[in-house]
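Chemist: This structure is in structure tokens; I'll ask about it shortly.
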Amino acid sequence: MHTIQTDIISILKRKITTVPSGDKMIYLVGPVRLPVSLGGETHIFQWYCWLRCDKMAGDTCQDEQQSTEQIISRLSASNLAEMQQSSVLVYGDFANAPDAVIRMHSICHTGDIFGSKRCDCGYQLEQSMKMIVKHGHGALFYLANHEGRGIGLFSKAMAYVLQEEGYDTVDANLQLGFQDDIRSYDDAIQVLKELRSKPVTLITNNPRKLDALVASGADVSGRVPLWGDVSEFNKRYLETKVRRSGHFDSSSRTNPTS
């Protein structure tokens, strides 16, 4: 086993937090200063990445008291490049500000990276970050195991094939044997609670995200919508999300929670 130098352990120990999540453990590393270009301007975010520890390298996680060296050794011996890890970008005084906005953003390889117009994901990613900066305090959670509403990238590609033959986005998932939406927000909510206990306003058009936060006991003060970038390429997709997946439509401006 690789021997990790004491000074390396000392540096990383200050930046690794363990967050219990049921019978598993979330390893949260950060913050890391991350300058981000938005609309031609550079804004400084604080970046965290997390990993929910299930089984890695043929072993299971121990309790949260295991040493930093053990954590680093286990992770370096695992093929994390083949696994999904999520992130959160924090802006401003997220922990202490009286109000903050957050976005739970599901990864979209085609929209976020390639700029695909088949969906509105890339637009929502950039716009939500701009909204967070404008507000002054907030966080964007980038959920890496949410591709295709939880079915994965390869299955999403097959769903796209079906969509080109006339199936809508819901039926395409159903025809492949998946539910319409199998995403879980549990780990992101645990990380949110670790980083902030004060109220948050959720940026979303999806009532399931709002319901998940409220059901968890998180302090949710309301919702702001995120509509835009409608085109001939994604009009049917956006209409399907409202008509079949229950999303708030563009006329629903706010939805404060009780």
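Here, A, B, ... name the chains of the structure tokens in the order displayed, residue numbers run from 1 inside each chain, and ligands are numbered from 1 in the same displayed order.
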Can you tell me which residues surround range 219-222 of chain A at a distance of at most 12 Å, considering only C-alpha atoms, apart from same-chain residues fewer than 3 positions away, and format the answer as a PyMOL selection string?

Modeler: chain A and resi 98-102+189+192-193+196-205+207+209-216+225+253-258

Chemist: With distances taken over only C-alpha atoms, which residue among A:Asn145, A:Gln70, A:Gln84, A:Gln163 lies nearest Ser106 in chain A?

Modeler: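 Nearest candidate to Ser106 in chain A out of A:Asn145, A:Gln70, A:Gln84, A:Gln163: A:Asn145.
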
Chemist: Mind checking DSSP for range 5-227 of chain A and telling me the strand (DSSP E or B) residues as an MDAnalysis selection string?

Modeler: chainID A and resid 16:21 24:38 41:53 55:56 59:60 86:91 101:106 138:143 200:203 220:224

Chemist: Which polymer residues have any atom within 8 Å of an atom of Gln46 in chain A, counting only C-alpha atoms, with same-chain residues fewer than 5 positions away left out, as number ranges by chain?

Modeler: A: 30-34, 89-91

Chemist: Excluding Ser155 in chain A and residues on its chain fewer than 4 positions from it, collect all residues at most 12 Å away from it, counting only C-alpha atoms, and give them as a PyMOL selection string.

Modeler: chain A and resi 146-151+159-162+172-178

Chemist: Could you dump the residues just selected with all heavy atoms as a CSV table (one decimal), in the first residue's frame?

Modeler:
```csv
chain,number,residue,atom,x,y,z
A,146,HIS,N,-27.5,11.3,-12.4
A,146,HIS,CA,-28.9,11.7,-12.8
A,146,HIS,C,-29.1,11.7,-14.4
A,146,HIS,O,-30.1,12.1,-14.8
A,146,HIS,CB,-29.3,13.0,-12.3
A,146,HIS,CG,-29.7,13.0,-10.9
A,146,HIS,ND1,-30.5,14.0,-10.3
A,146,HIS,CD2,-29.6,12.0,-9.9
A,146,HIS,CE1,-30.7,13.7,-9.0
A,146,HIS,NE2,-30.2,12.5,-8.8
A,147,GLU,N,-28.1,11.2,-15.1
A,147,GLU,CA,-28.2,11.3,-16.6
A,147,GLU,C,-29.5,10.7,-17.1
A,147,GLU,O,-29.8,9.6,-16.7
A,147,GLU,CB,-27.0,10.7,-17.2
A,147,GLU,CG,-26.9,10.8,-18.7
A,147,GLU,CD,-26.5,12.2,-19.2
A,147,GLU,OE1,-25.4,12.6,-18.9
A,147,GLU,OE2,-27.3,12.9,-19.8
A,148,GLY,N,-30.2,11.4,-18.0
A,148,GLY,CA,-31.4,10.8,-18.5
A,148,GLY,C,-32.5,10.5,-17.5
A,148,GLY,O,-33.2,9.6,-17.6
A,149,ARG,N,-32.6,11.4,-16.5
A,149,ARG,CA,-33.5,11.2,-15.4
A,149,ARG,C,-33.2,9.9,-14.6
A,149,ARG,O,-34.1,9.3,-14.1
A,149,ARG,CB,-35.0,11.3,-15.8
A,149,ARG,CG,-35.4,12.6,-16.5
A,149,ARG,CD,-36.9,12.8,-16.6
A,149,ARG,NE,-37.5,11.8,-17.4
A,149,ARG,CZ,-37.5,11.8,-18.8
A,149,ARG,NH1,-36.9,12.7,-19.4
A,149,ARG,NH2,-38.1,10.8,-19.4
A,150,GLY,N,-31.9,9.5,-14.6
A,150,GLY,CA,-31.5,8.4,-13.8
A,150,GLY,C,-31.2,7.1,-14.6
A,150,GLY,O,-30.8,6.1,-13.9
A,151,ILE,N,-31.4,7.1,-15.9
A,151,ILE,CA,-31.2,5.8,-16.6
A,151,ILE,C,-29.8,5.7,-17.2
A,151,ILE,O,-29.5,4.6,-17.6
A,151,ILE,CB,-32.2,5.7,-17.8
A,151,ILE,CG1,-31.9,6.7,-18.9
A,151,ILE,CG2,-33.7,5.9,-17.3
A,151,ILE,CD1,-32.8,6.6,-20.1
A,159,ALA,N,-32.8,6.0,-25.8
A,159,ALA,CA,-34.1,6.7,-25.7
A,159,ALA,C,-34.2,7.8,-26.8
A,159,ALA,O,-35.2,8.0,-27.3
A,159,ALA,CB,-34.2,7.3,-24.3
A,160,TYR,N,-33.1,8.4,-27.1
A,160,TYR,CA,-33.0,9.4,-28.1
A,160,TYR,C,-33.4,8.8,-29.5
A,160,TYR,O,-34.0,9.4,-30.3
A,160,TYR,CB,-31.7,10.1,-28.2
A,160,TYR,CG,-31.5,11.3,-27.3
A,160,TYR,CD1,-32.5,11.7,-26.4
A,160,TYR,CD2,-30.4,12.1,-27.4
A,160,TYR,CE1,-32.3,12.8,-25.6
A,160,TYR,CE2,-30.2,13.3,-26.7
A,160,TYR,CZ,-31.2,13.6,-25.7
A,160,TYR,OH,-31.1,14.7,-25.0
A,161,VAL,N,-32.9,7.5,-29.7
A,161,VAL,CA,-33.2,6.8,-30.9
A,161,VAL,C,-34.7,6.6,-31.1
A,161,VAL,O,-35.3,6.9,-32.1
A,161,VAL,CB,-32.5,5.5,-31.0
A,161,VAL,CG1,-33.0,4.6,-32.1
A,161,VAL,CG2,-31.0,5.6,-31.1
A,162,LEU,N,-35.3,6.3,-30.0
A,162,LEU,CA,-36.8,6.1,-29.9
A,162,LEU,C,-37.5,7.4,-30.2
A,162,LEU,O,-38.5,7.5,-30.8
A,162,LEU,CB,-37.2,5.4,-28.6
A,162,LEU,CG,-36.7,4.0,-28.4
A,162,LEU,CD1,-37.3,3.5,-27.1
A,162,LEU,CD2,-37.1,3.1,-29.5
A,172,ALA,N,-40.3,6.9,-24.2
A,172,ALA,CA,-39.0,6.3,-24.6
A,172,ALA,C,-38.4,5.6,-23.4
A,172,ALA,O,-37.9,4.5,-23.5
A,172,ALA,CB,-38.1,7.4,-25.1
A,173,ASN,N,-38.4,6.3,-22.2
A,173,ASN,CA,-37.9,5.6,-21.0
A,173,ASN,C,-38.7,4.4,-20.6
A,173,ASN,O,-38.2,3.4,-20.3
A,173,ASN,CB,-37.9,6.6,-19.8
A,173,ASN,CG,-36.7,7.6,-19.9
A,173,ASN,OD1,-36.1,7.8,-20.9
A,173,ASN,ND2,-36.4,8.2,-18.8
A,174,LEU,N,-40.0,4.5,-20.7
A,174,LEU,CA,-40.9,3.4,-20.3
A,174,LEU,C,-40.7,2.2,-21.2
A,174,LEU,O,-40.7,1.1,-20.8
A,174,LEU,CB,-42.4,3.9,-20.3
A,174,LEU,CG,-42.8,5.0,-19.3
A,174,LEU,CD1,-44.2,5.4,-19.6
A,174,LEU,CD2,-42.5,4.5,-17.9
A,175,GLN,N,-40.5,2.5,-22.5
A,175,GLN,CA,-40.4,1.4,-23.5
A,175,GLN,C,-39.1,0.6,-23.3
A,175,GLN,O,-38.9,-0.6,-23.6
A,175,GLN,CB,-40.4,1.9,-24.9
A,175,GLN,CG,-41.8,2.4,-25.4
A,175,GLN,CD,-42.8,1.2,-25.4
A,175,GLN,OE1,-42.5,0.1,-25.7
A,175,GLN,NE2,-44.0,1.5,-25.1
A,176,LEU,N,-38.1,1.3,-22.6
A,176,LEU,CA,-36.8,0.6,-22.3
A,176,LEU,C,-36.8,-0.1,-21.0
A,176,LEU,O,-35.8,-0.6,-20.6
A,176,LEU,CB,-35.7,1.7,-22.4
A,176,LEU,CG,-35.3,2.3,-23.7
A,176,LEU,CD1,-34.4,3.4,-23.6
A,176,LEU,CD2,-34.7,1.2,-24.6
A,177,GLY,N,-38.0,0.0,-20.3
A,177,GLY,CA,-38.1,-0.8,-19.0
A,177,GLY,C,-37.8,0.1,-17.8
A,177,GLY,O,-37.7,-0.5,-16.7
A,178,PHE,N,-37.7,1.4,-18.0
A,178,PHE,CA,-37.4,2.3,-16.9
A,178,PHE,C,-38.7,3.0,-16.5
A,178,PHE,O,-39.6,3.1,-17.3
A,178,PHE,CB,-36.3,3.3,-17.3
A,178,PHE,CG,-35.0,2.8,-17.6
A,178,PHE,CD1,-34.6,2.7,-18.9
A,178,PHE,CD2,-34.1,2.3,-16.6
A,178,PHE,CE1,-33.3,2.1,-19.2
A,178,PHE,CE2,-32.9,1.8,-16.9
A,178,PHE,CZ,-32.5,1.7,-18.2
```

Chemist: So that I can check the surroundings of range 108-115 of chain A, please list as a PyMOL selection string every protein, DNA and RNA residue that reaches within 10 Å of it, counting only C-alpha atoms and ignoring chain neighbours fewer than 4 positions away.

Modeler: chain A and resi 119-126+142-149+152-153+156-157

Chemist: Convert the current residue selection to file output with N, CA, C and O atoms, as a PDB file, in the first residue's frame.

Modeler:
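selection-v1.pdb was written with the following content:
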```
ATOM      1  N   CYS A 119     -32.821  19.662 -25.425  1.00  0.00           N
ATOM      2  CA  CYS A 119     -33.355  19.912 -24.086  1.00  0.00           C
ATOM      3  C   CYS A 119     -32.992  21.344 -23.695  1.00  0.00           C
ATOM      4  O   CYS A 119     -32.408  22.076 -24.470  1.00  0.00           O
ATOM      5  N   ASP A 120     -33.322  21.717 -22.473  1.00  0.00           N
ATOM      6  CA  ASP A 120     -32.985  23.065 -21.989  1.00  0.00           C
ATOM      7  C   ASP A 120     -31.948  23.008 -20.874  1.00  0.00           C
ATOM      8  O   ASP A 120     -31.750  23.986 -20.151  1.00  0.00           O
ATOM      9  N   CYS A 121     -31.272  21.866 -20.739  1.00  0.00           N
ATOM     10  CA  CYS A 121     -30.398  21.643 -19.580  1.00  0.00           C
ATOM     11  C   CYS A 121     -29.194  22.583 -19.554  1.00  0.00           C
ATOM     12  O   CYS A 121     -28.847  23.130 -18.502  1.00  0.00           O
ATOM     13  N   GLY A 122     -28.520  22.747 -20.699  1.00  0.00           N
ATOM     14  CA  GLY A 122     -27.366  23.643 -20.728  1.00  0.00           C
ATOM     15  C   GLY A 122     -27.742  25.066 -20.385  1.00  0.00           C
ATOM     16  O   GLY A 122     -27.035  25.757 -19.637  1.00  0.00           O
ATOM     17  N   TYR A 123     -28.871  25.503 -20.907  1.00  0.00           N
ATOM     18  CA  TYR A 123     -29.377  26.838 -20.587  1.00  0.00           C
ATOM     19  C   TYR A 123     -29.671  26.952 -19.094  1.00  0.00           C
ATOM     20  O   TYR A 123     -29.299  27.946 -18.451  1.00  0.00           O
ATOM     21  N   GLN A 124     -30.337  25.952 -18.524  1.00  0.00           N
ATOM     22  CA  GLN A 124     -30.672  25.996 -17.105  1.00  0.00           C
ATOM     23  C   GLN A 124     -29.426  26.006 -16.225  1.00  0.00           C
ATOM     24  O   GLN A 124     -29.393  26.679 -15.194  1.00  0.00           O
ATOM     25  N   LEU A 125     -28.406  25.261 -16.633  1.00  0.00           N
ATOM     26  CA  LEU A 125     -27.160  25.231 -15.862  1.00  0.00           C
ATOM     27  C   LEU A 125     -26.537  26.621 -15.780  1.00  0.00           C
ATOM     28  O   LEU A 125     -26.231  27.122 -14.690  1.00  0.00           O
ATOM     29  N   GLU A 126     -26.359  27.259 -16.923  1.00  0.00           N
ATOM     30  CA  GLU A 126     -25.726  28.578 -16.940  1.00  0.00           C
ATOM     31  C   GLU A 126     -26.598  29.631 -16.265  1.00  0.00           C
ATOM     32  O   GLU A 126     -26.113  30.454 -15.486  1.00  0.00           O
ATOM     33  N   TYR A 142     -24.491  19.690  -8.590  1.00  0.00           N
ATOM     34  CA  TYR A 142     -24.401  19.036  -9.899  1.00  0.00           C
ATOM     35  C   TYR A 142     -24.397  17.531  -9.673  1.00  0.00           C
ATOM     36  O   TYR A 142     -23.430  16.966  -9.176  1.00  0.00           O
ATOM     37  N   LEU A 143     -25.515  16.888 -10.033  1.00  0.00           N
ATOM     38  CA  LEU A 143     -25.771  15.509  -9.633  1.00  0.00           C
ATOM     39  C   LEU A 143     -25.402  14.552 -10.765  1.00  0.00           C
ATOM     40  O   LEU A 143     -26.099  14.436 -11.780  1.00  0.00           O
ATOM     41  N   ALA A 144     -24.284  13.854 -10.569  1.00  0.00           N
ATOM     42  CA  ALA A 144     -23.640  13.124 -11.655  1.00  0.00           C
ATOM     43  C   ALA A 144     -24.282  11.784 -11.979  1.00  0.00           C
ATOM     44  O   ALA A 144     -23.974  11.192 -13.009  1.00  0.00           O
ATOM     45  N   ASN A 145     -25.147  11.278 -11.124  1.00  0.00           N
ATOM     46  CA  ASN A 145     -25.787   9.983 -11.403  1.00  0.00           C
ATOM     47  C   ASN A 145     -27.231  10.163 -11.875  1.00  0.00           C
ATOM     48  O   ASN A 145     -28.048   9.253 -11.762  1.00  0.00           O
ATOM     49  N   HIS A 146     -27.532  11.322 -12.432  1.00  0.00           N
ATOM     50  CA  HIS A 146     -28.894  11.653 -12.842  1.00  0.00           C
ATOM     51  C   HIS A 146     -29.087  11.685 -14.355  1.00  0.00           C
ATOM     52  O   HIS A 146     -30.132  12.134 -14.827  1.00  0.00           O
ATOM     53  N   GLU A 147     -28.099  11.243 -15.117  1.00  0.00           N
ATOM     54  CA  GLU A 147     -28.203  11.330 -16.571  1.00  0.00           C
ATOM     55  C   GLU A 147     -29.486  10.665 -17.075  1.00  0.00           C
ATOM     56  O   GLU A 147     -29.832   9.551 -16.670  1.00  0.00           O
ATOM     57  N   GLY A 148     -30.193  11.370 -17.956  1.00  0.00           N
ATOM     58  CA  GLY A 148     -31.411  10.808 -18.528  1.00  0.00           C
ATOM     59  C   GLY A 148     -32.495  10.542 -17.505  1.00  0.00           C
ATOM     60  O   GLY A 148     -33.241   9.575 -17.608  1.00  0.00           O
ATOM     61  N   ARG A 149     -32.591  11.399 -16.480  1.00  0.00           N
ATOM     62  CA  ARG A 149     -33.511  11.220 -15.352  1.00  0.00           C
ATOM     63  C   ARG A 149     -33.232   9.922 -14.611  1.00  0.00           C
ATOM     64  O   ARG A 149     -34.127   9.268 -14.091  1.00  0.00           O
ATOM     65  N   GLY A 152     -28.967   6.692 -17.103  1.00  0.00           N
ATOM     66  CA  GLY A 152     -27.589   6.569 -17.577  1.00  0.00           C
ATOM     67  C   GLY A 152     -27.441   7.022 -19.024  1.00  0.00           C
ATOM     68  O   GLY A 152     -28.409   7.092 -19.791  1.00  0.00           O
ATOM     69  N   LEU A 153     -26.197   7.303 -19.409  1.00  0.00           N
ATOM     70  CA  LEU A 153     -25.932   7.914 -20.712  1.00  0.00           C
ATOM     71  C   LEU A 153     -26.230   6.975 -21.874  1.00  0.00           C
ATOM     72  O   LEU A 153     -26.824   7.373 -22.879  1.00  0.00           O
ATOM     73  N   LYS A 156     -29.834   6.617 -22.271  1.00  0.00           N
ATOM     74  CA  LYS A 156     -30.356   7.880 -22.802  1.00  0.00           C
ATOM     75  C   LYS A 156     -30.169   7.938 -24.314  1.00  0.00           C
ATOM     76  O   LYS A 156     -31.061   8.419 -25.041  1.00  0.00           O
ATOM     77  N   ALA A 157     -29.035   7.454 -24.798  1.00  0.00           N
ATOM     78  CA  ALA A 157     -28.805   7.430 -26.240  1.00  0.00           C
ATOM     79  C   ALA A 157     -29.845   6.556 -26.934  1.00  0.00           C
ATOM     80  O   ALA A 157     -30.368   6.906 -27.999  1.00  0.00           O
TER      81      ALA A 157
END
```

Chemist: Which of these residues is nearest to Gly246 in chain A, using only C-alpha atoms: A:Lys24, A:Arg103, A:Arg118, A:Arg208?

Modeler: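 Under the stated criterion, the closest residue is A:Arg208.
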
Chemist: Distance CA of Ser86 in chain A-CA of Ala139 in chain A, one decimal place?

Modeler: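 If I compute the distance from CA of Ser86 in chain A to CA of Ala139 in chain A, I get 13.2 Å.
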
Chemist: Which is closest to Tyr167 in chain A among A:Gly22, A:Ala188, A:Arg236, A:Gln127, if we use only C-alpha atoms?

Modeler: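 Nearest candidate to Tyr167 in chain A out of A:Gly22, A:Ala188, A:Arg236, A:Gln127: A:Arg236.
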
Chemist: Between A:Met25, A:Ile72, A:Met104, A:Val88, which is the closest to Arg223 in chain A once you count only C-alpha atoms?

Modeler: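 That would be A:Met104, the residue with the smallest distance to Arg223 in chain A.
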
Chemist: Counting only C-alpha atoms, which residue out of A:Leu38, A:Ile44, A:Ala97, A:Cys53 sits closest to Met83 in chain A?

Modeler: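 Between A:Leu38, A:Ile44, A:Ala97, A:Cys53, the residue approaching Met83 in chain A most closely is A:Cys53.
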
Chemist: If I take CA of Glu232 in chain A and CA of Lys117 in chain A, how far is one from the other in Å, to one decimal?

Modeler: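 A separation of 8.9 Å between them.
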
Chemist: So which residues of range 6-245 of chain A fall under alpha helix (DSSP H) by DSSP, listed as a ChimeraX atom specification?

Modeler: /A:6-13,68-76,121-135,147-150,153-164,169-175,186-195,207-215,235-243

Chemist: Mind pulling up the distance from CA of Glu69 in chain A to CA of Lys13 in chain A?

Modeler: 8.6 Å

Chemist: Hey, which of A:Ile11, A:Ile16, A:Arg52, A:Tyr27 ends up closest to Asp186 in chain A? Count only C-alpha atoms.

Modeler: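 Under the stated criterion, the closest residue is A:Arg52.
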